[in-house]
Amino acid sequence: MIKIESVTKRFPSITALDGVSLEIREKEFFGLLGPNGAGKSTLMNLLTGYLEPTAGSISIGGEFVNRNNLEVRKKIGFVPQSLALYDELSARENLEMFGKLFGLPKKLLRERIDERLKAVELFERRKDKVKTFSGGMKRRLNMIASLLHDPVLLLCDEPTVGVDPQSRNAIFDFLTALNEQGTTIIYTTHYMEEAEKLCNRVGIIDHGKIIALGTSDELMEMLPYEETIVIAKNPSTLQHKATFEEFGTLLEEDDHFELKPGNGFLLSKLFARVEEQGMRYQWIELHRPTLEALFLHLTGRRLRD
Amino acid sequence: MKQVVRLFQNSYHVFLSDKVAVILTFIIPLVLMALFGSIFGGSSSGPQGIPFAVLNQSNSPVVRLIAASFDTMKAFQIVKSFKDSTGKEVAFDTSSIKEFVRNGKVSAAVFFPPDAYTDTSVGLTLKFYYDPKNEIETEVIQGLLRQTIYSQIPSIMVQSGFRQTERYLGTKSGRAFNTGIKSLLGQYFKIDTSIFSNPSRLMLQRQNGDTSKFSSNFFDKLIRVEQQQLVGQEFRNPWATRSVGGWAMTFLLFTLTASSSSLFDERKSGVMLRLLASPVSRVHILWSKYLFNMSLGIIQLLFMFTAGWMMFQIDVFSNFFNLLLVIVAASVACTSFGMLLAAFAQTRQQAQGLGTLLILSMSAIGGAWFPTSFMPPTIQFFSKLTFVYWSMDGFLQVLWRGLGTSAIALNVGILFGIGALLNVVSVWQFRRGRIFD
Ligand SMILES: Nc1ncnc2c1ncn2[C@@H]1O[C@H](COP(=O)(O)OP(=O)(O)OP(=O)(O)O)[C@@H](O)[C@H]1O
Ligand SMILES: [Mg+2]
């Protein structure tokens with residue numbers, strides 16, 4: 001449905017996207033995972049036609065996207081990374097103003113607004129000024145403001161930044177339901193948990209390039225190991241850091257260590273060493289590796305620092 | 001076009017929701033206008049009851065008339081006598097009136113000596129005593145004094161003019177010449193020449209406000225035109241009439257710079273992204289902003305002039321169509337200026353900082369605050385390069401001189417021209433600028 005063909009976008013000082021090719025299928029929930037400055041927003045802005053690629057092309061449902069193609073935009077809903085709302089207006093007024101631009105009949109627009117407000121539990125606050133809303137409420141409003149025209153494709157640019165867990169879950173549920181009803185969604189984030197939880201397929205983007213692409217399981221196969229080893233942080237394990245480092249890369253987190261096993265790793269050997277050093281088995285847990293681990297493996301850097 | 005209309009409506013929606021913007025656009029200018037107006041004597045009643053001493057020793061009917069006209073002016077509270085040490089009311093004499101001013105009992109006094117107006121002199125001699133400590137009051141009094149006296153000048157000039165001819169040609173031949181001229185004038189211009197021999201009749205008529213009798217009089221009409229331009233005696237509030245355009249222009253520039261800079265807010269908040277991800281193009285946004293700013297400018301100017309009418313009885317309605325033309329043209333030029341700033345500035349702060357600087361200097365040299373004729377010739381040259389000048393001049397043509405469409409055609413044309421030019425530059429800059437990237 002969406003074809004991104006060798007798209008490059010250069011700004012005067014930086015190449016934000018470098019020969020990106022991607023195909024996104026209808027009804028897919030596609031995640032674009034990448035660190036700050038990777039080029040996620042740039043790709044989104046190219047998809048809306050706000051920016052034009054330096055090279056390459058983008059088409060949605062067979063129609064090419066560019067600055068002047070206003071028709072194709074009626075199919076797209078775009079949730080900007082920033083809170084693109086008028087603070088001094090009420091929730092409903094904001095929705096009316098943005099919805100109007102899609103040329104919906106007044107009555108239909110009114111109905112949709114009420115319906116969407118209810119869906120994200122903002123109906124009670126519909127007459128309040130946006131500036132009185134919490135961050136999470138603004139995020140939810142920011143999202144439905146892009147959905148009044150029932151787009152077939154929804155582009156969400158980090159819609160959960162600075163959101164409390166409750167609002168975040170509300171957003172997840174809402175998007176999942178929307179996807180189940182048939183809306184194609186492209187979702188950018190730098191939270192690997194989000195990408196893993198929500199998306200059928202994930203593209204990992206770094207420095208303007210897609211460095212990995214596939215379902216969660218497919219991506220995990222790119223890792224040379226099948227589990228991440230989590231080690232409790234205590235005086236004894238701290239003392240034996242060097243022991244663990246024999247087995248691979250050891251990451252120190254606030255309250256635990258994470259061991260990314262190296263080549264030829266055998267769990268039995270690790271346990272044998274642990275026993276030898278007089279440490280306890282309980283301090284060691286096995287986890288399914290995350291996309292974070294994959295990113296680290298691919299780039300040698302963390303997704304977030 | 002539909003999208004432009006929708007965006008235009010949205011702009012008003014956003015504007016009206018922003019109480020601060022509304023207050024800055026309408027209320028603050030109104031308050032400042034009322035304040036300046038009342039300080040500088042523009043308010044409907046003007047300054048009232050300023051104590052002012054008068055001593056008249058002249059017997060000339062002209063002088064008596066002038067002195068008497070002071071009594072009828074609300075601005076003055078005329079004092080002609082004082083209480084001496086025994087508490088008795090004593091009329092002023094030449095020394096006691098000076099003493100009165102010196103002691104600070106009044107801020108100023110006027111003394112008409114016995115020869116204040118004589119057959120041999122061309123004009124009027126009088127003495128004005130004042131205490132420089134009360135500078136502003138004195139200025140106001142001098143202004144009003146001048147105004148009162150100037151309003152009588154046509155009569156004085158006519159009368160003294162004939163006297164002069166009599167003096168040079170000798171009484172007899174002079175009189176014959178004058179009579180000859182008078183009958184000539186009477187014959188060819190159908191003028192009632194009796195007023196020349198008896199100017200006080202004219203003045204008395206004026207005093208009663210009944211000039212209708214002379215309105216068909218060619219010579220009288222000439223003089224009256226002159227009088228309007230010099231003094232603006234016809235206006236209830238000449239000062240306000242002259243100034244309202246200037247106030248309005250300065251406020252308009254501030255308003256339009258601010259509202260053009262709203263593009264920066266929309267860019268920063270991401271609203272611009274949202275709009276451009278909708279079926280809206282950059283051209284739609286620019287057009288809607290332009291139309292919004294221009295209409296806001298027109299509304300603000302109309303509002304200011306209406307306020308001027310209510311507060312200072314400025315006559316905005318008798319020449320309304322032409323006033324509207326200048327208002328529209330001024331709004332176009334100012335809107336283009338605001339858009340130009342938005343196109344070139346990198347941030348809202350830059351736009352407003354640069355805007356303030358340009359607005360203040362253009363307003364100053366463009367004559368929004370004081371007439372350009374007071375300025376040195378070089379500055380006057382630069383005045384003409386600002387659209388503030390052409391707007392101000394247009395307002396003066398319409399409000400002050402009461403002129404018609406042909407008289408303001410140049411102003412309106414230049415304003416539209418400046419607007420178009422600035423727009424071309426802005427559009428060019430918007431294309432390569434940062435607002436949309
Ligand atoms: N308009 C622009 N002009 C110049 N450089 C830009 C512009 N927009 C983005 N960039 C640069 O392009 C690169 C990619 O930016 P982009 O916003 O796409 O990253 P991102 O993946 O969305 O990051 P984040 O997670 O922080 O939102 C960055 O280095 C950024 O500085
Ligand atoms: Mg981004």
# chains A, B, ... in the order shown; residues from 1 in each chain; ligands from 1
$ interface_residues --of "chain A" --to "chain B" --cutoff "10 Å" --atoms "only C-alpha atoms" --output "short mmCIF file (atom, residue, chain, number, x, y, z; two decimals) with all heavy atoms, in the first residue's frame"
data_model
loop_
_atom_site.label_atom_id
_atom_site.label_comp_id
_atom_site.auth_asym_id
_atom_site.auth_seq_id
_atom_site.Cartn_x
_atom_site.Cartn_y
_atom_site.Cartn_z
N PHE A 11 19.22 17.79 4.42
CA PHE A 11 19.11 19.17 4.88
C PHE A 11 20.47 19.81 4.66
O PHE A 11 21.46 19.10 4.48
CB PHE A 11 18.73 19.21 6.36
CG PHE A 11 17.33 18.73 6.62
CD1 PHE A 11 17.11 17.56 7.34
CD2 PHE A 11 16.24 19.42 6.13
CE1 PHE A 11 15.82 17.10 7.57
CE2 PHE A 11 14.95 18.97 6.36
CZ PHE A 11 14.75 17.82 7.08
N ASN A 45 7.33 13.20 7.86
CA ASN A 45 7.03 14.44 7.15
C ASN A 45 7.09 14.26 5.64
O ASN A 45 6.43 14.98 4.89
CB ASN A 45 8.00 15.55 7.58
CG ASN A 45 7.72 16.01 9.00
OD1 ASN A 45 6.61 15.84 9.51
ND2 ASN A 45 8.73 16.56 9.65
N LEU A 46 7.87 13.31 5.20
CA LEU A 46 7.89 13.00 3.77
C LEU A 46 6.61 12.28 3.37
O LEU A 46 6.06 12.50 2.30
CB LEU A 46 9.11 12.14 3.42
CG LEU A 46 10.45 12.87 3.45
CD1 LEU A 46 11.60 11.87 3.48
CD2 LEU A 46 10.59 13.78 2.24
N LEU A 47 6.13 11.42 4.29
CA LEU A 47 4.91 10.68 3.98
C LEU A 47 3.68 11.59 3.89
O LEU A 47 2.75 11.32 3.13
CB LEU A 47 4.67 9.60 5.05
CG LEU A 47 5.56 8.35 4.93
CD1 LEU A 47 5.54 7.54 6.20
CD2 LEU A 47 5.08 7.50 3.75
N THR A 48 3.65 12.67 4.67
CA THR A 48 2.51 13.59 4.60
C THR A 48 2.64 14.54 3.42
O THR A 48 1.69 15.25 3.10
CB THR A 48 2.38 14.46 5.85
OG1 THR A 48 3.54 15.28 5.94
CG2 THR A 48 2.25 13.63 7.10
N GLY A 49 3.83 14.61 2.84
CA GLY A 49 4.03 15.57 1.77
C GLY A 49 4.48 16.92 2.28
O GLY A 49 4.66 17.86 1.50
N TYR A 50 4.68 17.03 3.57
CA TYR A 50 5.16 18.30 4.13
C TYR A 50 6.56 18.60 3.63
O TYR A 50 6.89 19.72 3.28
CB TYR A 50 5.13 18.21 5.66
CG TYR A 50 5.71 19.41 6.36
CD1 TYR A 50 4.98 20.58 6.45
CD2 TYR A 50 6.98 19.37 6.92
CE1 TYR A 50 5.50 21.69 7.10
CE2 TYR A 50 7.51 20.46 7.57
CZ TYR A 50 6.77 21.61 7.65
OH TYR A 50 7.29 22.71 8.28
N LEU A 51 7.38 17.56 3.60
CA LEU A 51 8.71 17.71 3.01
C LEU A 51 8.73 16.94 1.69
O LEU A 51 7.93 16.02 1.50
CB LEU A 51 9.78 17.12 3.93
CG LEU A 51 10.03 17.79 5.27
CD1 LEU A 51 11.07 17.00 6.06
CD2 LEU A 51 10.50 19.22 5.08
N ARG A 67 4.23 17.88 -2.31
CA ARG A 67 3.69 19.09 -1.68
C ARG A 67 2.33 19.50 -2.21
O ARG A 67 1.52 20.06 -1.51
CB ARG A 67 4.63 20.25 -1.95
CG ARG A 67 5.61 20.47 -0.86
CD ARG A 67 6.30 21.79 -1.11
NE ARG A 67 7.42 21.90 -0.20
CZ ARG A 67 8.15 22.98 -0.06
NH1 ARG A 67 7.90 24.04 -0.79
NH2 ARG A 67 9.13 23.01 0.79
N ASN A 68 2.12 19.24 -3.50
CA ASN A 68 0.91 19.79 -4.11
C ASN A 68 -0.23 18.80 -4.22
O ASN A 68 -1.32 19.17 -4.63
CB ASN A 68 1.25 20.34 -5.49
CG ASN A 68 2.35 21.37 -5.41
OD1 ASN A 68 2.31 22.22 -4.50
ND2 ASN A 68 3.33 21.29 -6.27
N ASN A 69 0.03 17.56 -3.84
CA ASN A 69 -1.04 16.57 -3.92
C ASN A 69 -1.88 16.63 -2.66
O ASN A 69 -1.58 15.99 -1.65
CB ASN A 69 -0.46 15.17 -4.12
CG ASN A 69 -1.54 14.16 -4.42
OD1 ASN A 69 -2.72 14.43 -4.22
ND2 ASN A 69 -1.14 13.00 -4.89
N LEU A 70 -2.95 17.42 -2.71
CA LEU A 70 -3.79 17.59 -1.51
C LEU A 70 -4.78 16.44 -1.38
O LEU A 70 -5.24 16.14 -0.28
CB LEU A 70 -4.54 18.92 -1.57
CG LEU A 70 -3.68 20.18 -1.68
CD1 LEU A 70 -4.55 21.43 -1.56
CD2 LEU A 70 -2.59 20.23 -0.63
N GLU A 71 -5.09 15.80 -2.51
CA GLU A 71 -6.07 14.71 -2.49
C GLU A 71 -5.60 13.55 -1.63
O GLU A 71 -6.35 13.02 -0.80
CB GLU A 71 -6.33 14.20 -3.92
CG GLU A 71 -7.48 14.87 -4.63
CD GLU A 71 -8.72 15.08 -3.77
OE1 GLU A 71 -9.32 14.07 -3.38
OE2 GLU A 71 -9.06 16.24 -3.50
N VAL A 72 -4.34 13.17 -1.83
CA VAL A 72 -3.83 11.99 -1.14
C VAL A 72 -3.84 12.21 0.38
O VAL A 72 -3.95 11.28 1.16
CB VAL A 72 -2.42 11.60 -1.65
CG1 VAL A 72 -1.37 12.58 -1.17
CG2 VAL A 72 -2.07 10.19 -1.22
N ARG A 73 -3.79 13.45 0.79
CA ARG A 73 -3.75 13.73 2.23
C ARG A 73 -5.06 13.41 2.93
O ARG A 73 -5.10 13.28 4.14
CB ARG A 73 -3.40 15.20 2.47
CG ARG A 73 -2.03 15.53 1.98
CD ARG A 73 -1.58 16.86 2.47
NE ARG A 73 -0.47 17.34 1.67
CZ ARG A 73 -0.09 18.60 1.65
NH1 ARG A 73 -0.73 19.50 2.35
NH2 ARG A 73 0.92 18.97 0.89
N LYS A 74 -6.12 13.33 2.13
CA LYS A 74 -7.40 12.99 2.75
C LYS A 74 -7.41 11.56 3.27
O LYS A 74 -8.23 11.18 4.08
CB LYS A 74 -8.54 13.20 1.75
CG LYS A 74 -8.74 14.67 1.44
CD LYS A 74 -9.92 14.88 0.52
CE LYS A 74 -10.06 16.36 0.18
NZ LYS A 74 -10.91 16.59 -0.98
N LYS A 75 -6.48 10.74 2.73
CA LYS A 75 -6.40 9.35 3.18
C LYS A 75 -5.55 9.22 4.43
O LYS A 75 -5.52 8.17 5.06
CB LYS A 75 -5.73 8.51 2.09
CG LYS A 75 -6.48 8.42 0.80
CD LYS A 75 -5.71 7.47 -0.10
CE LYS A 75 -6.19 7.57 -1.54
NZ LYS A 75 -5.25 6.91 -2.45
N ILE A 76 -4.79 10.28 4.71
CA ILE A 76 -3.79 10.18 5.78
C ILE A 76 -4.24 10.93 7.03
O ILE A 76 -4.78 12.02 6.95
CB ILE A 76 -2.46 10.81 5.32
CG1 ILE A 76 -2.00 10.19 4.00
CG2 ILE A 76 -1.39 10.67 6.38
CD1 ILE A 76 -0.77 10.85 3.43
N GLY A 77 -3.98 10.31 8.18
CA GLY A 77 -4.08 11.04 9.43
C GLY A 77 -2.68 11.14 9.99
O GLY A 77 -1.94 10.17 9.95
N PHE A 78 -2.33 12.34 10.47
CA PHE A 78 -0.96 12.51 10.95
C PHE A 78 -0.99 13.05 12.38
O PHE A 78 -1.54 14.11 12.64
CB PHE A 78 -0.22 13.48 10.03
CG PHE A 78 1.15 13.85 10.52
CD1 PHE A 78 2.09 12.88 10.83
CD2 PHE A 78 1.49 15.19 10.67
CE1 PHE A 78 3.36 13.24 11.29
CE2 PHE A 78 2.75 15.54 11.12
CZ PHE A 78 3.69 14.58 11.43
N VAL A 79 -0.39 12.29 13.29
CA VAL A 79 -0.29 12.75 14.68
C VAL A 79 1.13 13.27 14.88
O VAL A 79 2.08 12.49 14.94
CB VAL A 79 -0.54 11.59 15.67
CG1 VAL A 79 -0.53 12.10 17.10
CG2 VAL A 79 -1.84 10.89 15.33
N PRO A 80 1.29 14.60 14.93
CA PRO A 80 2.65 15.15 15.02
C PRO A 80 3.30 14.82 16.37
O PRO A 80 2.61 14.58 17.35
CB PRO A 80 2.44 16.66 14.90
CG PRO A 80 1.03 16.87 14.52
CD PRO A 80 0.28 15.65 14.93
N GLN A 81 4.61 14.85 16.34
CA GLN A 81 5.37 14.57 17.56
C GLN A 81 5.09 15.63 18.63
O GLN A 81 5.02 15.32 19.81
CB GLN A 81 6.86 14.55 17.21
CG GLN A 81 7.76 14.22 18.37
CD GLN A 81 9.21 13.97 17.92
OE1 GLN A 81 9.53 13.99 16.73
NE2 GLN A 81 10.07 13.74 18.87
N SER A 82 4.92 16.89 18.19
CA SER A 82 4.61 17.94 19.17
C SER A 82 3.10 18.04 19.33
O SER A 82 2.35 17.52 18.53
CB SER A 82 5.17 19.26 18.68
OG SER A 82 4.82 19.44 17.33
N LEU A 83 2.70 18.72 20.39
CA LEU A 83 1.26 18.88 20.64
C LEU A 83 0.74 20.00 19.77
O LEU A 83 0.79 21.17 20.13
CB LEU A 83 1.03 19.19 22.11
CG LEU A 83 1.36 18.03 23.04
CD1 LEU A 83 1.49 18.50 24.48
CD2 LEU A 83 0.32 16.94 22.93
N ALA A 84 0.25 19.63 18.60
CA ALA A 84 -0.19 20.62 17.64
C ALA A 84 -1.63 21.03 17.92
O ALA A 84 -2.56 20.64 17.21
CB ALA A 84 -0.05 20.07 16.22
N LEU A 85 -1.79 21.78 18.99
CA LEU A 85 -3.14 22.18 19.41
C LEU A 85 -3.13 23.66 19.78
O LEU A 85 -2.08 24.22 20.08
CB LEU A 85 -3.55 21.37 20.64
CG LEU A 85 -3.59 19.85 20.49
CD1 LEU A 85 -3.65 19.19 21.85
CD2 LEU A 85 -4.78 19.43 19.63
N TYR A 86 -4.29 24.26 19.74
CA TYR A 86 -4.41 25.65 20.20
C TYR A 86 -4.80 25.63 21.68
O TYR A 86 -5.91 25.24 22.04
CB TYR A 86 -5.47 26.39 19.39
CG TYR A 86 -5.06 26.65 17.97
CD1 TYR A 86 -5.66 25.98 16.91
CD2 TYR A 86 -4.07 27.59 17.67
CE1 TYR A 86 -5.28 26.22 15.60
CE2 TYR A 86 -3.69 27.83 16.36
CZ TYR A 86 -4.30 27.15 15.33
OH TYR A 86 -3.93 27.39 14.05
N ASP A 87 -3.88 26.06 22.52
CA ASP A 87 -4.06 25.99 23.96
C ASP A 87 -5.25 26.79 24.48
O ASP A 87 -5.86 26.43 25.48
CB ASP A 87 -2.79 26.54 24.66
CG ASP A 87 -1.83 25.41 24.98
OD1 ASP A 87 -2.20 24.26 24.72
OD2 ASP A 87 -0.73 25.70 25.48
N GLU A 88 -5.53 27.89 23.80
CA GLU A 88 -6.57 28.78 24.34
C GLU A 88 -7.97 28.34 23.93
O GLU A 88 -8.95 28.93 24.38
CB GLU A 88 -6.34 30.22 23.85
CG GLU A 88 -5.06 30.86 24.34
CD GLU A 88 -5.13 31.21 25.83
OE1 GLU A 88 -6.25 31.39 26.34
OE2 GLU A 88 -4.08 31.28 26.47
N LEU A 89 -8.04 27.34 23.07
CA LEU A 89 -9.36 26.87 22.65
C LEU A 89 -9.72 25.59 23.40
O LEU A 89 -8.85 24.90 23.93
CB LEU A 89 -9.36 26.60 21.15
CG LEU A 89 -9.15 27.81 20.24
CD1 LEU A 89 -9.13 27.37 18.79
CD2 LEU A 89 -10.23 28.85 20.46
N SER A 90 -11.01 25.28 23.42
CA SER A 90 -11.45 24.06 24.08
C SER A 90 -11.11 22.86 23.21
O SER A 90 -10.76 23.00 22.03
CB SER A 90 -12.95 24.12 24.33
OG SER A 90 -13.62 23.96 23.11
N GLU A 93 -13.44 22.79 20.24
CA GLU A 93 -13.15 23.82 19.25
C GLU A 93 -11.93 23.44 18.41
O GLU A 93 -11.91 23.64 17.18
CB GLU A 93 -12.90 25.17 19.94
CG GLU A 93 -14.16 25.82 20.46
CD GLU A 93 -13.86 27.00 21.36
OE1 GLU A 93 -12.86 26.98 22.10
OE2 GLU A 93 -14.66 27.96 21.33
N ASN A 94 -10.92 22.90 19.08
CA ASN A 94 -9.74 22.44 18.34
C ASN A 94 -10.13 21.42 17.29
O ASN A 94 -9.73 21.51 16.13
CB ASN A 94 -8.75 21.80 19.32
CG ASN A 94 -7.67 22.77 19.77
OD1 ASN A 94 -6.76 23.07 19.02
ND2 ASN A 94 -7.81 23.28 20.97
N GLU A 96 -13.01 20.88 15.95
CA GLU A 96 -13.84 21.47 14.88
C GLU A 96 -12.97 22.18 13.85
O GLU A 96 -13.17 22.05 12.64
CB GLU A 96 -14.84 22.46 15.47
CG GLU A 96 -16.08 21.77 16.00
CD GLU A 96 -17.00 22.71 16.77
OE1 GLU A 96 -16.68 23.91 16.91
OE2 GLU A 96 -18.04 22.22 17.25
N MET A 97 -11.98 22.92 14.36
CA MET A 97 -11.13 23.68 13.44
C MET A 97 -10.33 22.77 12.51
O MET A 97 -10.21 23.04 11.32
CB MET A 97 -10.18 24.57 14.23
CG MET A 97 -10.93 25.72 14.86
SD MET A 97 -9.89 26.96 15.62
CE MET A 97 -8.42 26.80 14.76
N PHE A 98 -9.79 21.71 13.09
CA PHE A 98 -8.96 20.83 12.25
C PHE A 98 -9.82 19.92 11.37
O PHE A 98 -9.47 19.65 10.23
CB PHE A 98 -8.01 20.00 13.12
CG PHE A 98 -6.98 20.84 13.83
CD1 PHE A 98 -6.86 20.80 15.21
CD2 PHE A 98 -6.16 21.70 13.12
CE1 PHE A 98 -5.92 21.59 15.86
CE2 PHE A 98 -5.22 22.48 13.76
CZ PHE A 98 -5.10 22.43 15.14
N GLY A 99 -10.95 19.49 11.93
CA GLY A 99 -11.83 18.61 11.17
C GLY A 99 -12.43 19.30 9.95
O GLY A 99 -12.57 18.71 8.88
N LYS A 100 -12.73 20.60 10.16
CA LYS A 100 -13.32 21.40 9.09
C LYS A 100 -12.50 21.36 7.81
O LYS A 100 -13.03 21.38 6.70
CB LYS A 100 -13.39 22.83 9.62
CG LYS A 100 -14.25 23.76 8.87
CD LYS A 100 -14.66 24.91 9.77
CE LYS A 100 -13.55 25.94 9.87
NZ LYS A 100 -13.95 27.12 10.65
N LEU A 101 -11.18 21.27 7.97
CA LEU A 101 -10.29 21.36 6.82
C LEU A 101 -10.42 20.15 5.90
O LEU A 101 -9.93 20.17 4.77
CB LEU A 101 -8.84 21.51 7.28
CG LEU A 101 -8.57 22.79 8.07
CD1 LEU A 101 -7.19 22.78 8.67
CD2 LEU A 101 -8.75 24.01 7.17
N PHE A 102 -11.08 19.11 6.39
CA PHE A 102 -11.27 17.93 5.53
C PHE A 102 -12.63 17.97 4.84
O PHE A 102 -13.02 17.03 4.17
CB PHE A 102 -11.11 16.65 6.35
CG PHE A 102 -9.67 16.39 6.72
CD1 PHE A 102 -9.16 16.87 7.90
CD2 PHE A 102 -8.84 15.71 5.85
CE1 PHE A 102 -7.83 16.66 8.22
CE2 PHE A 102 -7.51 15.49 6.16
CZ PHE A 102 -7.00 15.97 7.36
N GLY A 103 -13.33 19.07 5.06
CA GLY A 103 -14.58 19.27 4.33
C GLY A 103 -15.71 18.34 4.75
O GLY A 103 -16.60 18.05 3.95
N LYS A 129 -10.60 24.44 28.17
CA LYS A 129 -9.47 24.86 27.34
C LYS A 129 -8.37 23.83 27.41
O LYS A 129 -8.10 23.25 28.46
CB LYS A 129 -8.93 26.20 27.84
CG LYS A 129 -9.81 27.36 27.48
CD LYS A 129 -9.11 28.66 27.77
CE LYS A 129 -9.98 29.81 27.28
NZ LYS A 129 -9.33 31.10 27.46
N ASN A 142 -4.43 15.24 20.83
CA ASN A 142 -3.55 15.41 19.67
C ASN A 142 -3.75 14.25 18.69
O ASN A 142 -3.69 14.44 17.48
CB ASN A 142 -2.09 15.42 20.17
CG ASN A 142 -1.12 15.97 19.14
OD1 ASN A 142 -1.42 16.95 18.45
ND2 ASN A 142 0.04 15.35 19.03
N ALA A 145 -7.38 14.34 17.00
CA ALA A 145 -7.50 15.47 16.06
C ALA A 145 -7.08 15.06 14.65
O ALA A 145 -7.43 15.72 13.68
CB ALA A 145 -6.65 16.64 16.55
N SER A 146 -6.34 13.97 14.55
CA SER A 146 -5.86 13.54 13.24
C SER A 146 -6.74 12.44 12.64
O SER A 146 -6.43 11.89 11.60
CB SER A 146 -4.45 12.98 13.37
OG SER A 146 -3.67 13.80 14.19
N HIS A 149 -11.38 12.43 10.00
CA HIS A 149 -11.80 12.15 8.63
C HIS A 149 -11.67 10.67 8.31
O HIS A 149 -11.71 10.29 7.14
CB HIS A 149 -11.00 13.00 7.66
CG HIS A 149 -9.51 12.82 7.80
ND1 HIS A 149 -8.81 13.17 8.93
CD2 HIS A 149 -8.59 12.33 6.94
CE1 HIS A 149 -7.54 12.89 8.75
NE2 HIS A 149 -7.38 12.38 7.56
#
$ closest_atom_pairs --of "chain A" --to "ligand 2" --cutoff "8 Å" --atoms "only C-alpha atoms and all ligand atoms" --output "tab-separated table"
residue	atom	partner	partner_atom_place_in_ligand_line	distance
A:Asn36	CA	ligand 2	1 (Mg)	6.9
A:Gly37	CA	ligand 2	1 (Mg)	6.9
A:Gly39	CA	ligand 2	1 (Mg)	6.9
A:Lys40	CA	ligand 2	1 (Mg)	5.4
A:Ser41	CA	ligand 2	1 (Mg)	3.9
A:Thr42	CA	ligand 2	1 (Mg)	7.1
A:Gln81	CA	ligand 2	1 (Mg)	6.2
A:Asp157	CA	ligand 2	1 (Mg)	6.5
A:Glu158	CA	ligand 2	1 (Mg)	6.9
A:Thr188	CA	ligand 2	1 (Mg)	7.9
$ closest_residue --among "B:Asp115, B:Cys334, B:Leu396, B:Gly402" --to "Phe317 of chain B" --atoms "only C-alpha atoms"
B:Gly402
$ closest_residue --among "B:Val63, B:Ile23, B:Ile299, B:Leu410" --to "Gln397 of chain B" --atoms "only C-alpha atoms"
B:Leu410
$ closest_residue --among "A:Glu218, A:Asp206, A:Glu246, A:Asp150" --to "ligand 1" --atoms "only C-alpha atoms and all ligand atoms"
A:Asp206
$ residues_around --residues "Ala212 of chain A" --least-positions-apart "4" --cutoff "9 Å" --atoms "only C-alpha atoms" --output "tab-separated table (two decimals) with N, CA, C and O atoms, in the first residue's frame"
chain	number	residue	atom	x	y	z
A	202	VAL	N	8.53	-4.36	12.46
A	202	VAL	CA	9.31	-3.23	12.95
A	202	VAL	C	10.47	-2.97	12.01
A	202	VAL	O	11.11	-3.91	11.52
A	203	GLY	N	10.72	-1.68	11.76
A	203	GLY	CA	11.94	-1.29	11.05
A	203	GLY	C	12.82	-0.55	12.04
A	203	GLY	O	12.33	0.32	12.76
A	204	ILE	N	14.07	-0.92	12.08
A	204	ILE	CA	14.97	-0.18	12.97
A	204	ILE	C	15.76	0.80	12.12
A	204	ILE	O	16.35	0.43	11.10
A	205	ILE	N	15.70	2.06	12.53
A	205	ILE	CA	16.33	3.11	11.73
A	205	ILE	C	17.44	3.78	12.55
A	205	ILE	O	17.30	4.00	13.74
A	219	LEU	N	13.43	-10.50	13.77
A	219	LEU	CA	14.52	-9.61	14.17
A	219	LEU	C	15.41	-10.29	15.20
A	219	LEU	O	16.63	-10.18	15.15
A	222	MET	N	18.30	-12.32	14.27
A	222	MET	CA	19.55	-11.67	13.87
A	222	MET	C	20.57	-11.67	15.01
A	222	MET	O	21.75	-11.42	14.79
A	295	PHE	N	19.47	-3.66	18.80
A	295	PHE	CA	20.03	-2.37	18.39
A	295	PHE	C	21.49	-2.26	18.84
A	295	PHE	O	22.37	-1.84	18.08
A	298	LEU	N	23.60	-4.38	16.70
A	298	LEU	CA	23.80	-3.88	15.34
A	298	LEU	C	24.66	-2.62	15.29
A	298	LEU	O	25.39	-2.41	14.33
$ closest_residue --among "A:Glu227, A:Glu275, A:Asp128, A:Glu52" --to "ligand 1" --atoms "only C-alpha atoms and all ligand atoms"
A:Glu52
$ residues_around --residues "Ser6 of chain A" --least-positions-apart "4" --cutoff "7 Å" --atoms "only C-alpha atoms" --output "number ranges by chain"
A: 19-21, 56
$ write_last_selection --atoms "C-alpha atoms" --output "PDB file, in the first residue's frame"
ATOM      1  CA  GLY A  19      18.350   5.728   0.510  1.00  0.00           C
ATOM      2  CA  VAL A  20      15.468   4.343   2.518  1.00  0.00           C
ATOM      3  CA  SER A  21      13.304   1.729   0.827  1.00  0.00           C
ATOM      4  CA  GLY A  56      13.475   8.830  -4.511  1.00  0.00           C
TER       5      GLY A  56
END
